[in-house]
There are 2 protein chains.
Amino acid sequence: MKALTSAEENYLKSIYHLSDGGKTNVSTNDISNEMKTKPASVSDMLRKLAEKAVIDYRKYYGVNITEEGKKLALQIIRKHRLWEVFLVEKLKFSWDEVHEVAEELEHIKSPILMQRLDEFLDHPKFDPHGDPIPDEYGDLKARPRLPLNELEVHDVGQIVAVKDSGASFLRYLDKVGAYIGARIKVLDKVEFDGSLEILVDNKKNLFMSRDVAANILILQQ
Amino acid sequence: MKALTSAEENYLKSIYHLSDGGKTNVSTNDISNEMKTKPASVSDMLRKLAEKAVIDYRKYYGVNITEEGKKLALQIIRKHRLWEVFLVEKLKFSWDEVHEVAEELEHIKSPILMQRLDEFLDHPKFDPHGDPIPDEYGDLKARPRLPLNELEVHDVGQIVAVKDSGASFLRYLDKVGAYIGARIKVLDKVEFDGSLEILVDNKKNLFMSRDVAANILILQQ
DNA sequence: CAACTAATTTAGACATAGCTAAAATATGTA
DNA sequence: TACATATTTTAGCTATGTCTAAATTAGTTG
């Protein structure tokens with residue numbers, strides 16, 4: 001199978017992400033939004049990607065990624081996330097500086113380079129954002145999500161979901177700045193009532209009851 | 001000044017290397033040989049590079065790199081060589097595997113990345129081939145060249161030149177496999193007559209008189 | 001079920017970077 | 001010095017990846 005160009009790789013990655021949650025028949029408009037290109041350009045690209053058998057494409061009906069395409073997408077994501085680990089762990093980038101550079105590095109063509117980088121980084125399973133790094137075969141490690149109240153003092157992680165998604169609870173989270181994706185660190189834990197003191201995004205201290213904490217799911221670092 | 005594309009950067013690098021030894025009015029054919037493209041493609045590119053003021057170009061008369069162009073070329077060379085150091089020192093590539101990958105990595109656009117990589121590698125002054133790495137301002141450290149007989153046991157380096165370039169001497173060097181560019185290591189040194197035992201390219205042992213060694217210039221590693 | 005609207009595709013342009021073939025220029029030799 | 005040869009440039013074509021404008025298709029609604 002002929003290799004993809006960088007542009008083709010970027011479209012394939014977008015399509016993979018858009019169909020991630022099981023969504024089928026991804027639309028041209030969705031892709032054009034994601035890629036910040038015009039729908040007409042997307043149509044063109046879909047034709048090319050379908051020719052290379054990485055997507056199934058029926059005009060006007062949307063796109064589904066093939067098994068072959070999924071494997072390729074996961075290889076690109078693997079490269080992106082390994083480079084992110086390198087940038088943060090070795091070059092001391094902060095985790096919000098790395099995405100743009102990794103977008104470029106992920107297109108370097110050299111299987112041996114990624115093998116050796118993986119080795120050098122000691123086979124990391126998660127990137128600095130807590131997202132899992134696919135292995136050479138495209139398999140992902142699911143990382144267990146813990147309720148915040150089960151973390152110990154000094155544990156760090158990222159808010160990835162809530163159990164109770166009622167409006168009032170979400171309003172409360174929003175008010176205290178504990179959005180999905182926020183980095184948290186457990187600073188203190190009161191034995192008596194299970195309440196917590198946490199640090200949000202390295203700048204904001206927050207006190208939280210056991211019941212609130214039990215409703216927040218954390219991806220541990 | 002508008003940034004160069006990867007293709008433009010590669011041409012500029014070629015032109016820099018071709019004009020390195022003080023050669024002026026570099027020819028279209030020379031560039032086309034170096035770049036493995038057709039002379040017609042080179043003419044096209046020269047027009048673009050002249051527009052961007054990185055070369056002086058007079059049709060049919062050849063090309064000279066401008067000060068601005070020299071600075072840019074040295075920045076690209078800096079990136080190439082820093083990546084080579086990374087690949088060899090950190091990722092355990094052998095020094096003959098790195099060029100191709102570094103050709104790709106050198107085009108990544110991110111000044112902060114190169115700063116941090118330089119830091120991470122502890123500001124190396126020479127790449128794995130012994131070539132000097134320009135600093136951020138494009139300045140190069142000239143590495144002193146020693147006659148082979150002045151090296152000590154265990155010293156390693158590369159043959160970069162000979163003092164006596166007579167045919168018979170060169171024939172001798174050729175015969176024993178000690179060509180320009182060969183890696184050498186001093187295995188033993190006889191105090192009495194100053195003769196040496198050296199290892200060539202990690203595979204060939206060689207005995208050499210003091211007088212022969214004094215005529216071979218080494219770039220130390 | 002016909003027509004309107006929104007989504008999508010096609011057609012035709014442009015820029016980059018390569019190519020071949022033909023034209024123009026420079027150079028060296030008779 | 002004039003012509004032959006080698007070098008270089010121009011002209012016109014191809015492919016990728018983008019765009020705008022126009023045409024087509026799907027879905028919804030009176």
# chains A, B, ... in the order shown; residues from 1 in each chain; ligands from 1
>>> residues_around(residues="Ala7 of chain B", least_positions_apart="2", cutoff="10 Å", atoms="only C-alpha atoms (C1' of nucleotides)", output="PyMOL selection string")
(chain B and resi 4-5+9-13+45+107) or (chain C and resi 16-17)
>>> residues_around(residues="Ala50 of chain A", least_positions_apart="4", cutoff="10 Å", atoms="only C-alpha atoms (C1' of nucleotides)", output="MDAnalysis selection string")
chainID A and resid 45:46 54:58 63:66 69
>>> interface_residues(of="chain A", to="chain D", cutoff="8 Å", atoms="only C-alpha atoms (C1' of nucleotides)", output="mmCIF file with C-alpha atoms, in the first residue's frame")
data_model
loop_
_atom_site.group_PDB
_atom_site.id
_atom_site.type_symbol
_atom_site.label_atom_id
_atom_site.label_comp_id
_atom_site.auth_asym_id
_atom_site.auth_seq_id
_atom_site.Cartn_x
_atom_site.Cartn_y
_atom_site.Cartn_z
ATOM 1 C CA ALA A 7 -1.945 16.212 4.269
ATOM 2 C CA LYS A 38 -13.472 24.235 2.811
ATOM 3 C CA SER A 41 -11.324 20.586 -0.491
ATOM 4 C CA TYR A 60 -23.249 12.445 -0.168
#
>>> atom_distance(atom1="atom CA of Asn205 of chain B", atom2="atom CA of Glu84 of chain B")
27.9 Å
>>> interface_residues(of="chain C", to="chain B", cutoff="8 Å", atoms="only C-alpha atoms (C1' of nucleotides)", output="list in words")
DA17, DG18, DC19, DT25 and DA26 of chain C
>>> write_last_selection(atoms="C-alpha atoms (C1' of nucleotides)", output="PDB file, in the first residue's frame")
ATOM      1  C1'  DA C  17       7.798  21.749  -7.284  1.00  0.00           C
ATOM      2  C1'  DG C  18       8.936  18.710 -10.340  1.00  0.00           C
ATOM      3  C1'  DC C  19       9.459  17.164 -15.522  1.00  0.00           C
ATOM      4  C1'  DT C  25      23.230  32.240 -24.291  1.00  0.00           C
ATOM      5  C1'  DA C  26      28.172  31.475 -23.354  1.00  0.00           C
TER       6       DA C  26
END
>>> residues_around(residues="segment 156-158 of chain B", least_positions_apart="4", cutoff="8 Å", atoms="only C-alpha atoms (C1' of nucleotides)", output="ChimeraX atom specification")
/B:130,180-186,218-221
>>> write_last_selection(atoms="C-alpha atoms", output="tab-separated table (two decimals), in the first residue's frame")
chain	number	residue	atom	x	y	z
B	130	GLY	CA	33.17	15.67	13.54
B	180	ILE	CA	40.15	10.63	4.23
B	181	GLY	CA	37.16	10.28	6.48
B	182	ALA	CA	38.23	7.01	8.08
B	183	ARG	CA	37.60	6.66	11.82
B	184	ILE	CA	40.67	5.79	13.77
B	185	LYS	CA	41.51	4.85	17.34
B	186	VAL	CA	45.00	4.73	18.82
B	218	ILE	CA	43.23	13.97	12.72
B	219	LEU	CA	40.02	15.61	13.87
B	220	GLN	CA	39.68	14.45	17.42
B	221	GLN	CA	36.38	13.20	18.80
>>> select_by_dssp(residues="segment 45-182 of chain B", states="alpha helix (DSSP H)", output="JSON, numbers by chain")
{"B": [45, 46, 47, 48, 49, 50, 51, 67, 68, 69, 70, 71, 72, 73, 74, 75, 76, 77, 78, 79, 80, 81, 82, 83, 84, 85, 86, 87, 88, 89, 98, 99, 100, 101, 102, 103, 104, 105, 111, 112, 113, 114, 115, 116, 117, 118, 119, 120, 167, 168, 169, 170, 171, 172, 173, 174, 175, 176]}
>>> interface_residues(of="chain A", to="chain B", cutoff="9 Å", atoms="only C-alpha atoms", output="ChimeraX atom specification")
/A:87,90-93,101,104-105,108-110,113,116-117,119-120
>>> write_last_selection(atoms="C-alpha atoms", output="tab-separated table (two decimals), in the first residue's frame")
chain	number	residue	atom	x	y	z
A	87	LEU	CA	9.14	17.11	24.53
A	90	LYS	CA	13.28	15.35	28.12
A	91	LEU	CA	13.11	18.86	26.68
A	92	LYS	CA	11.09	20.38	29.55
A	93	PHE	CA	8.25	21.74	27.46
A	101	VAL	CA	5.48	20.85	17.42
A	104	GLU	CA	5.04	18.43	12.66
A	105	LEU	CA	7.16	15.67	14.19
A	108	ILE	CA	8.64	12.10	10.03
A	109	LYS	CA	8.91	8.82	8.12
A	110	SER	CA	11.20	6.38	9.90
A	113	LEU	CA	13.25	6.25	14.74
A	116	ARG	CA	14.32	3.83	19.31
A	117	LEU	CA	12.44	6.84	20.69
A	119	GLU	CA	12.90	2.59	23.88
A	120	PHE	CA	14.61	5.82	24.99
>>> residues_around(residues="segment 139-147 of chain A", least_positions_apart="3", cutoff="10 Å", atoms="only C-alpha atoms (C1' of nucleotides)", output="PyMOL selection string")
chain A and resi 71+74-75+78+125-126+130-136+150-151+157-163+212-221
>>> residues_around(residues="Ile31 of chain B", least_positions_apart="5", cutoff="8 Å", atoms="only C-alpha atoms (C1' of nucleotides)", output="list of chain:residue names")
B:Tyr11, B:Ser14, B:Ile15, B:Leu18, B:Val26, B:Pro39, B:Val42
>>> select_by_dssp(residues="segment 37-219 of chain B", states="strand (DSSP E or B)", output="PyMOL selection string")
chain B and resi 55-58+62-65+126+132+145-147+156-162+183-189+196-200+204-208+216-219
>>> atom_distance(atom1="atom CA of Asp96 of chain A", atom2="atom CA of Trp83 of chain A")
13.4 Å
>>> residues_around(residues="Val153 of chain B", least_positions_apart="6", cutoff="10 Å", atoms="only C-alpha atoms (C1' of nucleotides)", output="ChimeraX atom specification")
/B:185-190,196-198
>>> atom_distance(atom1="atom CA of His80 of chain B", atom2="atom CA of His99 of chain B")
8.3 Å
>>> decode(residues="chain D", atoms="N, CA and C atoms (P, O5', C5', C4', C3', O3' and C1' of nucleotides)", output="PDB file, in the first residue's frame")
ATOM      1  P    DT D   1      37.565  39.818 -33.959  1.00  0.00           P
ATOM      2  O5'  DT D   1      36.549  39.243 -35.014  1.00  0.00           O
ATOM      3  C5'  DT D   1      36.904  39.067 -36.361  1.00  0.00           C
ATOM      4  C4'  DT D   1      36.285  37.773 -36.814  1.00  0.00           C
ATOM      5  C3'  DT D   1      34.843  37.580 -36.343  1.00  0.00           C
ATOM      6  O3'  DT D   1      34.182  36.799 -37.357  1.00  0.00           O
ATOM      7  C1'  DT D   1      36.130  35.817 -35.546  1.00  0.00           C
ATOM      8  P    DA D   2      32.743  37.206 -37.919  1.00  0.00           P
ATOM      9  O5'  DA D   2      32.181  35.785 -38.391  1.00  0.00           O
ATOM     10  C5'  DA D   2      33.042  34.897 -39.098  1.00  0.00           C
ATOM     11  C4'  DA D   2      32.795  33.468 -38.646  1.00  0.00           C
ATOM     12  C3'  DA D   2      31.335  33.144 -38.316  1.00  0.00           C
ATOM     13  O3'  DA D   2      31.062  31.848 -38.843  1.00  0.00           O
ATOM     14  C1'  DA D   2      32.676  32.585 -36.484  1.00  0.00           C
ATOM     15  P    DC D   3      29.554  31.387 -39.218  1.00  0.00           P
ATOM     16  O5'  DC D   3      29.611  29.815 -38.961  1.00  0.00           O
ATOM     17  C5'  DC D   3      30.866  29.139 -39.016  1.00  0.00           C
ATOM     18  C4'  DC D   3      31.013  28.186 -37.837  1.00  0.00           C
ATOM     19  C3'  DC D   3      29.713  27.469 -37.433  1.00  0.00           C
ATOM     20  O3'  DC D   3      30.023  26.108 -37.243  1.00  0.00           O
ATOM     21  C1'  DC D   3      30.726  28.416 -35.540  1.00  0.00           C
ATOM     22  P    DA D   4      28.996  24.917 -37.549  1.00  0.00           P
ATOM     23  O5'  DA D   4      29.370  23.850 -36.428  1.00  0.00           O
ATOM     24  C5'  DA D   4      30.752  23.562 -36.183  1.00  0.00           C
ATOM     25  C4'  DA D   4      30.937  23.163 -34.741  1.00  0.00           C
ATOM     26  C3'  DA D   4      29.854  22.247 -34.194  1.00  0.00           C
ATOM     27  O3'  DA D   4      30.489  21.219 -33.440  1.00  0.00           O
ATOM     28  C1'  DA D   4      30.008  24.186 -32.833  1.00  0.00           C
ATOM     29  P    DT D   5      29.657  19.979 -32.836  1.00  0.00           P
ATOM     30  O5'  DT D   5      29.710  20.314 -31.270  1.00  0.00           O
ATOM     31  C5'  DT D   5      30.964  20.622 -30.662  1.00  0.00           C
ATOM     32  C4'  DT D   5      30.699  21.086 -29.235  1.00  0.00           C
ATOM     33  C3'  DT D   5      29.634  20.272 -28.488  1.00  0.00           C
ATOM     34  O3'  DT D   5      30.108  20.077 -27.173  1.00  0.00           O
ATOM     35  C1'  DT D   5      29.106  22.547 -28.381  1.00  0.00           C
ATOM     36  P    DA D   6      29.543  18.885 -26.245  1.00  0.00           P
ATOM     37  O5'  DA D   6      29.625  19.561 -24.806  1.00  0.00           O
ATOM     38  C5'  DA D   6      30.535  20.631 -24.558  1.00  0.00           C
ATOM     39  C4'  DA D   6      29.869  21.635 -23.643  1.00  0.00           C
ATOM     40  C3'  DA D   6      28.881  21.021 -22.648  1.00  0.00           C
ATOM     41  O3'  DA D   6      29.232  21.524 -21.369  1.00  0.00           O
ATOM     42  C1'  DA D   6      27.843  22.797 -23.793  1.00  0.00           C
ATOM     43  P    DT D   7      28.422  21.137 -20.028  1.00  0.00           P
ATOM     44  O5'  DT D   7      27.606  22.474 -19.726  1.00  0.00           O
ATOM     45  C5'  DT D   7      28.296  23.711 -19.695  1.00  0.00           C
ATOM     46  C4'  DT D   7      27.278  24.827 -19.553  1.00  0.00           C
ATOM     47  C3'  DT D   7      26.266  24.612 -18.435  1.00  0.00           C
ATOM     48  O3'  DT D   7      26.370  25.742 -17.588  1.00  0.00           O
ATOM     49  C1'  DT D   7      25.169  25.246 -20.445  1.00  0.00           C
ATOM     50  P    DT D   8      25.516  25.910 -16.227  1.00  0.00           P
ATOM     51  O5'  DT D   8      24.214  26.659 -16.751  1.00  0.00           O
ATOM     52  C5'  DT D   8      24.366  27.940 -17.352  1.00  0.00           C
ATOM     53  C4'  DT D   8      23.021  28.385 -17.885  1.00  0.00           C
ATOM     54  C3'  DT D   8      21.880  28.289 -16.878  1.00  0.00           C
ATOM     55  O3'  DT D   8      21.459  29.615 -16.620  1.00  0.00           O
ATOM     56  C1'  DT D   8      21.226  27.521 -19.032  1.00  0.00           C
ATOM     57  P    DT D   9      20.214  29.939 -15.632  1.00  0.00           P
ATOM     58  O5'  DT D   9      19.023  30.126 -16.686  1.00  0.00           O
ATOM     59  C5'  DT D   9      19.140  31.152 -17.678  1.00  0.00           C
ATOM     60  C4'  DT D   9      17.956  31.064 -18.630  1.00  0.00           C
ATOM     61  C3'  DT D   9      16.588  31.178 -17.952  1.00  0.00           C
ATOM     62  O3'  DT D   9      15.899  32.238 -18.582  1.00  0.00           O
ATOM     63  C1'  DT D   9      16.653  29.323 -19.443  1.00  0.00           C
ATOM     64  P    DT D  10      14.473  32.734 -18.014  1.00  0.00           P
ATOM     65  O5'  DT D  10      13.461  32.114 -19.093  1.00  0.00           O
ATOM     66  C5'  DT D  10      13.677  32.372 -20.473  1.00  0.00           C
ATOM     67  C4'  DT D  10      12.673  31.574 -21.297  1.00  0.00           C
ATOM     68  C3'  DT D  10      11.229  31.646 -20.792  1.00  0.00           C
ATOM     69  O3'  DT D  10      10.413  31.927 -21.923  1.00  0.00           O
ATOM     70  C1'  DT D  10      11.876  29.400 -21.079  1.00  0.00           C
ATOM     71  P    DA D  11       8.878  32.322 -21.731  1.00  0.00           P
ATOM     72  O5'  DA D  11       8.107  31.100 -22.401  1.00  0.00           O
ATOM     73  C5'  DA D  11       8.718  30.327 -23.441  1.00  0.00           C
ATOM     74  C4'  DA D  11       7.865  29.101 -23.725  1.00  0.00           C
ATOM     75  C3'  DA D  11       6.434  29.170 -23.182  1.00  0.00           C
ATOM     76  O3'  DA D  11       5.584  28.512 -24.106  1.00  0.00           O
ATOM     77  C1'  DA D  11       7.530  27.327 -22.218  1.00  0.00           C
ATOM     78  P    DG D  12       3.975  28.565 -23.936  1.00  0.00           P
ATOM     79  O5'  DG D  12       3.605  27.051 -23.595  1.00  0.00           O
ATOM     80  C5'  DG D  12       4.218  25.979 -24.325  1.00  0.00           C
ATOM     81  C4'  DG D  12       4.004  24.678 -23.576  1.00  0.00           C
ATOM     82  C3'  DG D  12       2.636  24.591 -22.880  1.00  0.00           C
ATOM     83  O3'  DG D  12       2.198  23.248 -22.929  1.00  0.00           O
ATOM     84  C1'  DG D  12       4.290  24.204 -21.332  1.00  0.00           C
ATOM     85  P    DC D  13       0.668  22.819 -22.731  1.00  0.00           P
ATOM     86  O5'  DC D  13       0.738  21.549 -21.769  1.00  0.00           O
ATOM     87  C5'  DC D  13       1.446  20.369 -22.197  1.00  0.00           C
ATOM     88  C4'  DC D  13       1.910  19.569 -20.991  1.00  0.00           C
ATOM     89  C3'  DC D  13       0.793  19.221 -20.002  1.00  0.00           C
ATOM     90  O3'  DC D  13       0.573  17.813 -19.984  1.00  0.00           O
ATOM     91  C1'  DC D  13       2.777  19.937 -18.892  1.00  0.00           C
ATOM     92  P    DT D  14      -0.550  17.145 -19.075  1.00  0.00           P
ATOM     93  O5'  DT D  14       0.202  16.825 -17.702  1.00  0.00           O
ATOM     94  C5'  DT D  14       1.175  15.762 -17.624  1.00  0.00           C
ATOM     95  C4'  DT D  14       1.531  15.537 -16.156  1.00  0.00           C
ATOM     96  C3'  DT D  14       0.308  15.379 -15.266  1.00  0.00           C
ATOM     97  O3'  DT D  14       0.375  14.170 -14.540  1.00  0.00           O
ATOM     98  C1'  DT D  14       1.774  17.018 -14.383  1.00  0.00           C
ATOM     99  P    DA D  15      -0.880  13.661 -13.703  1.00  0.00           P
ATOM    100  O5'  DA D  15      -0.449  13.869 -12.176  1.00  0.00           O
ATOM    101  C5'  DA D  15       0.872  13.570 -11.708  1.00  0.00           C
ATOM    102  C4'  DA D  15       0.978  14.047 -10.270  1.00  0.00           C
ATOM    103  C3'  DA D  15      -0.358  13.993  -9.511  1.00  0.00           C
ATOM    104  O3'  DA D  15      -0.187  13.453  -8.211  1.00  0.00           O
ATOM    105  C1'  DA D  15       0.500  16.210  -9.497  1.00  0.00           C
ATOM    106  P    DT D  16      -1.455  13.387  -7.185  1.00  0.00           P
ATOM    107  O5'  DT D  16      -1.105  14.555  -6.167  1.00  0.00           O
ATOM    108  C5'  DT D  16       0.128  14.528  -5.479  1.00  0.00           C
ATOM    109  C4'  DT D  16       0.190  15.734  -4.557  1.00  0.00           C
ATOM    110  C3'  DT D  16      -1.016  15.850  -3.607  1.00  0.00           C
ATOM    111  O3'  DT D  16      -0.529  16.151  -2.311  1.00  0.00           O
ATOM    112  C1'  DT D  16      -0.739  17.843  -4.824  1.00  0.00           C
ATOM    113  P    DG D  17      -1.469  15.936  -0.993  1.00  0.00           P
ATOM    114  O5'  DG D  17      -2.115  17.380  -0.808  1.00  0.00           O
ATOM    115  C5'  DG D  17      -1.314  18.476  -0.401  1.00  0.00           C
ATOM    116  C4'  DG D  17      -2.126  19.746  -0.522  1.00  0.00           C
ATOM    117  C3'  DG D  17      -3.559  19.675   0.043  1.00  0.00           C
ATOM    118  O3'  DG D  17      -3.773  20.751   0.941  1.00  0.00           O
ATOM    119  C1'  DG D  17      -3.551  20.638  -2.076  1.00  0.00           C
ATOM    120  P    DT D  18      -5.024  20.729   1.968  1.00  0.00           P
ATOM    121  O5'  DT D  18      -5.874  22.013   1.532  1.00  0.00           O
ATOM    122  C5'  DT D  18      -5.414  23.323   1.810  1.00  0.00           C
ATOM    123  C4'  DT D  18      -5.684  24.281   0.678  1.00  0.00           C
ATOM    124  C3'  DT D  18      -7.107  24.769   0.486  1.00  0.00           C
ATOM    125  O3'  DT D  18      -7.542  25.619   1.503  1.00  0.00           O
ATOM    126  C1'  DT D  18      -5.919  24.607  -1.576  1.00  0.00           C
ATOM    127  P    DC D  19      -9.068  25.894   1.792  1.00  0.00           P
ATOM    128  O5'  DC D  19      -9.520  26.928   0.649  1.00  0.00           O
ATOM    129  C5'  DC D  19      -8.816  28.152   0.448  1.00  0.00           C
ATOM    130  C4'  DC D  19      -9.239  28.766  -0.889  1.00  0.00           C
ATOM    131  C3'  DC D  19     -10.747  28.932  -1.049  1.00  0.00           C
ATOM    132  O3'  DC D  19     -11.137  30.220  -0.604  1.00  0.00           O
ATOM    133  C1'  DC D  19      -9.770  27.978  -3.022  1.00  0.00           C
ATOM    134  P    DT D  20     -12.688  30.562  -0.426  1.00  0.00           P
ATOM    135  O5'  DT D  20     -13.245  30.911  -1.890  1.00  0.00           O
ATOM    136  C5'  DT D  20     -12.566  31.810  -2.780  1.00  0.00           C
ATOM    137  C4'  DT D  20     -13.359  31.895  -4.083  1.00  0.00           C
ATOM    138  C3'  DT D  20     -14.853  32.123  -3.910  1.00  0.00           C
ATOM    139  O3'  DT D  20     -15.292  33.014  -4.940  1.00  0.00           O
ATOM    140  C1'  DT D  20     -14.503  30.087  -5.075  1.00  0.00           C
ATOM    141  P    DA D  21     -16.789  33.604  -4.915  1.00  0.00           P
ATOM    142  O5'  DA D  21     -17.481  32.813  -6.111  1.00  0.00           O
ATOM    143  C5'  DA D  21     -16.734  32.561  -7.308  1.00  0.00           C
ATOM    144  C4'  DA D  21     -17.565  31.708  -8.242  1.00  0.00           C
ATOM    145  C3'  DA D  21     -19.078  31.893  -8.114  1.00  0.00           C
ATOM    146  O3'  DA D  21     -19.635  31.745  -9.421  1.00  0.00           O
ATOM    147  C1'  DA D  21     -18.534  29.647  -7.652  1.00  0.00           C
ATOM    148  P    DA D  22     -21.265  31.820  -9.644  1.00  0.00           P
ATOM    149  O5'  DA D  22     -21.606  30.359 -10.182  1.00  0.00           O
ATOM    150  C5'  DA D  22     -20.770  29.789 -11.186  1.00  0.00           C
ATOM    151  C4'  DA D  22     -21.173  28.344 -11.412  1.00  0.00           C
ATOM    152  C3'  DA D  22     -22.678  28.135 -11.513  1.00  0.00           C
ATOM    153  O3'  DA D  22     -22.907  27.198 -12.549  1.00  0.00           O
ATOM    154  C1'  DA D  22     -21.829  26.796  -9.766  1.00  0.00           C
ATOM    155  P    DA D  23     -24.445  26.704 -12.914  1.00  0.00           P
ATOM    156  O5'  DA D  23     -24.455  25.197 -12.423  1.00  0.00           O
ATOM    157  C5'  DA D  23     -23.498  24.288 -12.962  1.00  0.00           C
ATOM    158  C4'  DA D  23     -23.610  22.969 -12.230  1.00  0.00           C
ATOM    159  C3'  DA D  23     -24.994  22.334 -12.284  1.00  0.00           C
ATOM    160  O3'  DA D  23     -24.815  20.975 -12.610  1.00  0.00           O
ATOM    161  C1'  DA D  23     -24.283  22.513 -10.036  1.00  0.00           C
ATOM    162  P    DT D  24     -26.099  20.035 -12.955  1.00  0.00           P
ATOM    163  O5'  DT D  24     -26.163  19.066 -11.704  1.00  0.00           O
ATOM    164  C5'  DT D  24     -25.002  18.364 -11.278  1.00  0.00           C
ATOM    165  C4'  DT D  24     -25.231  17.859  -9.873  1.00  0.00           C
ATOM    166  C3'  DT D  24     -26.519  17.062  -9.698  1.00  0.00           C
ATOM    167  O3'  DT D  24     -26.137  15.766  -9.307  1.00  0.00           O
ATOM    168  C1'  DT D  24     -26.159  18.542  -7.895  1.00  0.00           C
ATOM    169  P    DT D  25     -27.189  14.526  -9.344  1.00  0.00           P
ATOM    170  O5'  DT D  25     -27.487  14.270  -7.814  1.00  0.00           O
ATOM    171  C5'  DT D  25     -26.405  14.018  -6.917  1.00  0.00           C
ATOM    172  C4'  DT D  25     -26.889  14.194  -5.498  1.00  0.00           C
ATOM    173  C3'  DT D  25     -28.152  13.408  -5.157  1.00  0.00           C
ATOM    174  O3'  DT D  25     -27.778  12.479  -4.162  1.00  0.00           O
ATOM    175  C1'  DT D  25     -28.233  15.628  -4.299  1.00  0.00           C
ATOM    176  P    DA D  26     -28.782  11.443  -3.474  1.00  0.00           P
ATOM    177  O5'  DA D  26     -29.197  12.229  -2.152  1.00  0.00           O
ATOM    178  C5'  DA D  26     -28.163  12.735  -1.316  1.00  0.00           C
ATOM    179  C4'  DA D  26     -28.758  13.242  -0.008  1.00  0.00           C
ATOM    180  C3'  DA D  26     -29.917  12.411   0.531  1.00  0.00           C
ATOM    181  O3'  DA D  26     -29.689  12.286   1.931  1.00  0.00           O
ATOM    182  C1'  DA D  26     -30.624  14.653   0.151  1.00  0.00           C
ATOM    183  P    DG D  27     -30.759  11.654   2.947  1.00  0.00           P
ATOM    184  O5'  DG D  27     -31.573  12.913   3.516  1.00  0.00           O
ATOM    185  C5'  DG D  27     -30.867  14.016   4.080  1.00  0.00           C
ATOM    186  C4'  DG D  27     -31.864  15.075   4.554  1.00  0.00           C
ATOM    187  C3'  DG D  27     -33.096  14.495   5.273  1.00  0.00           C
ATOM    188  O3'  DG D  27     -33.471  15.461   6.248  1.00  0.00           O
ATOM    189  C1'  DG D  27     -33.824  15.693   3.412  1.00  0.00           C
ATOM    190  P    DT D  28     -34.562  15.075   7.429  1.00  0.00           P
ATOM    191  O5'  DT D  28     -35.349  16.445   7.626  1.00  0.00           O
ATOM    192  C5'  DT D  28     -34.811  17.674   7.098  1.00  0.00           C
ATOM    193  C4'  DT D  28     -35.945  18.651   6.772  1.00  0.00           C
ATOM    194  C3'  DT D  28     -37.267  18.425   7.522  1.00  0.00           C
ATOM    195  O3'  DT D  28     -37.784  19.709   7.802  1.00  0.00           O
ATOM    196  C1'  DT D  28     -37.692  18.364   5.216  1.00  0.00           C
ATOM    197  P    DT D  29     -38.954  19.997   8.839  1.00  0.00           P
ATOM    198  O5'  DT D  29     -39.513  21.385   8.267  1.00  0.00           O
ATOM    199  C5'  DT D  29     -39.203  21.794   6.926  1.00  0.00           C
ATOM    200  C4'  DT D  29     -40.478  22.133   6.147  1.00  0.00           C
ATOM    201  C3'  DT D  29     -41.787  21.977   6.926  1.00  0.00           C
ATOM    202  O3'  DT D  29     -42.696  22.995   6.474  1.00  0.00           O
ATOM    203  C1'  DT D  29     -41.879  20.676   5.005  1.00  0.00           C
ATOM    204  P    DG D  30     -43.804  23.637   7.382  1.00  0.00           P
ATOM    205  O5'  DG D  30     -44.861  24.270   6.375  1.00  0.00           O
ATOM    206  C5'  DG D  30     -44.393  25.072   5.286  1.00  0.00           C
ATOM    207  C4'  DG D  30     -45.245  24.791   4.050  1.00  0.00           C
ATOM    208  C3'  DG D  30     -46.760  24.863   4.267  1.00  0.00           C
ATOM    209  O3'  DG D  30     -47.364  25.545   3.186  1.00  0.00           O
ATOM    210  C1'  DG D  30     -46.186  22.741   3.389  1.00  0.00           C
TER     211       DG D  30
END
